[in-house]
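Reading through the C-alpha cells given below for one structure.
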Amino acid sequence: MSQAVLSNKPLENTSVERNIHEMLKDAPTMNESNNAVHSGTAPPTPPRMMGYIPSHPTSLPLTSTTAPSSMPGTPISPTQNGDPQILKSQQSKIETIKNWSISTYKCTKQLMFEKLGKTSRTVDSELESQIEQLRDTQRKYSNVLRLSRALASHFYHVVQTQHALGEAFSDLAQKSPELQEEFLYNAETQRNLTKNGETLLGALNFFVSSVNTLCNKTIEDTLLTIRQYETARIEYDAYRTDLELLAQAPRTDVNTTRLEEAQQNYDQHRTHFEKLRSDVSIKLKFLDENRIKVMHKQLLLFHNAVSAYFSGNQSALEATLKQFNIKVKSPNSAVTSWLEQ
C-alpha cells in the first residue's frame, strides 16, 4: 500500500511541471509587454487553459489627476470684482497710448510736409545760427581731442622707451669698464628725459581730460536740450497747422468742438515750446562763457608745458604743473604696499 502511494508522487510532479511549461509558453513575450507599457494598450490575453483562471488583472485602474474646475476658496481678482481704481488705471494707459499715437502721426506729417515744402515752419534765425555754430564748435573740439589723445599716447611710448634705454645704458656701464663713463652719461641723460617726459605727460593727460569733459559732457548736455527744443518746435507747428485748418472749416457744432480742443492743444504746446526756447538761449549763453574760461586755462597750460619741455627748462615745467595744481604720477612707478603707506 505504501509502494502504491510512493509510485503516484512522480506522476503528480510530472503533471505539474508540464502545466507550468504550458503556462509559460502561453504568456506574452517581453517585447509585447514593453509595447503594451509604452503604447498604453493592454497586452494580448493568452488563451485560457482548462481549469485555470488568472488571478491578476489585465489593466491597472487609473485615477483622475486633473485639478477641480473651481475652488470654493479662490479669491476673486480686483478686475473681476470691478475695482474702480484698476479700471481707471487701465483707461489712463489706453488714453496715454492714444494721445501718443495721435501726436506721433501729426509730427511725422508736419515733418514730411516741411521737407516737401507744403507747409510753413517756425524759424528763429538768431537761435538757429547759434545752435549751428555750437555743433560746428563741438566737431572742431572733438578733432582737437582726438589729436591730443594720439599725442599723449605716442609720447607715453616715448617715455617708456627712454626709461628702458636708460636702464640698458646703466647695465652696460657696470659690465663695460672701458666705456663706463660714456654709458653713465647717457644713462643719466635718459633718466632726466624720462622724468621731464612724465611731467609733460601729466600735463597732456590733464588737457585731454578737460577737453573731453567739455566736448562730451558740457556741450552734449546743451545739445540734449536743443534736441528737446527741436522736437517741441515740430509739435508746436503741427498743432498750429491743425488749428489754422480748423479755423478755415465751416462753422458746425462738430467743428466748433474740434476747434476748441485744437486751441487748447495749441496753447499747451506753445507754452512748452517757448519754455524750451528760453532754456536753450540761457544754456547757450552760459556754455559760451564756460567754454572760453576752460579753454583759456587749458591752452595756457598746454603752451607752457610743451614749451618748457622742449626747451629743456625743467624748473619752468614743474612750475607750470604747480600753477595748475597737477600731481604727476610716474607711469613706471610700482604700486606701494599697504605696509609702506
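Ligands are numbered from 1 in the order shown, chains are lettered A, B, ... in the order of the C-alpha cells, and residues start at 1 in each chain.
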Next on the checklist: Please list as a list in words every residue within 9 Å of stretch 97-103 of chain A, counting only C-alpha atoms and excluding residues in the same chain fewer than 3 positions away.
Outcome noted: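 With the cut-off at 9 Å, the set is Ser92, Lys93, Ile94, Lys106, Cys107, Thr108, Glu235, Ala238 and Tyr239 of chain A.
Going from atom CA of A:Asn304 over to atom CA of A:Lys322, you cover 11.9 Å.
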Item to check | Within 8 Å of stretch 229-232 of chain A using only C-alpha atoms, minus same-chain residues under 5 positions, as a list in words | outcome: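 That gives His269, His272, Phe273, Leu276, Arg277 and Val280 of chain A.
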Checklist entry - Could you name the residues that touch stretch 147-149 of chain A at 8 Å or less, counting only C-alpha atoms, but leaving out those on the same chain fewer than 3 positions away, as a list in words? => result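 Counting only C-alpha atoms, the residues come to Asn143, Val144, Ala152, Ser153, Leu204 and Val208 of chain A.
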Emit the selected residues as a compact mmCIF listing (two decimals), in the first residue's frame, including N, CA and C atoms.
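In the end it all went to again.txt:
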# COMPACT_ATOMS: atom_id res chain seq x y z
N ASN A 143 37.85 117.02 -32.83
CA ASN A 143 39.06 116.75 -33.60
C ASN A 143 40.30 117.07 -32.77
N VAL A 144 40.28 118.20 -32.04
CA VAL A 144 41.41 118.54 -31.15
C VAL A 144 41.58 117.46 -30.08
N ALA A 152 49.31 112.22 -26.64
CA ALA A 152 49.60 111.69 -25.31
C ALA A 152 49.96 110.22 -25.37
N SER A 153 49.29 109.45 -26.23
CA SER A 153 49.58 108.03 -26.36
C SER A 153 50.98 107.81 -26.94
N LEU A 204 49.67 116.74 -20.38
CA LEU A 204 48.89 116.35 -21.56
C LEU A 204 47.63 115.59 -21.14
N VAL A 208 43.77 116.62 -21.97
CA VAL A 208 42.85 115.72 -22.65
C VAL A 208 41.59 115.50 -21.81
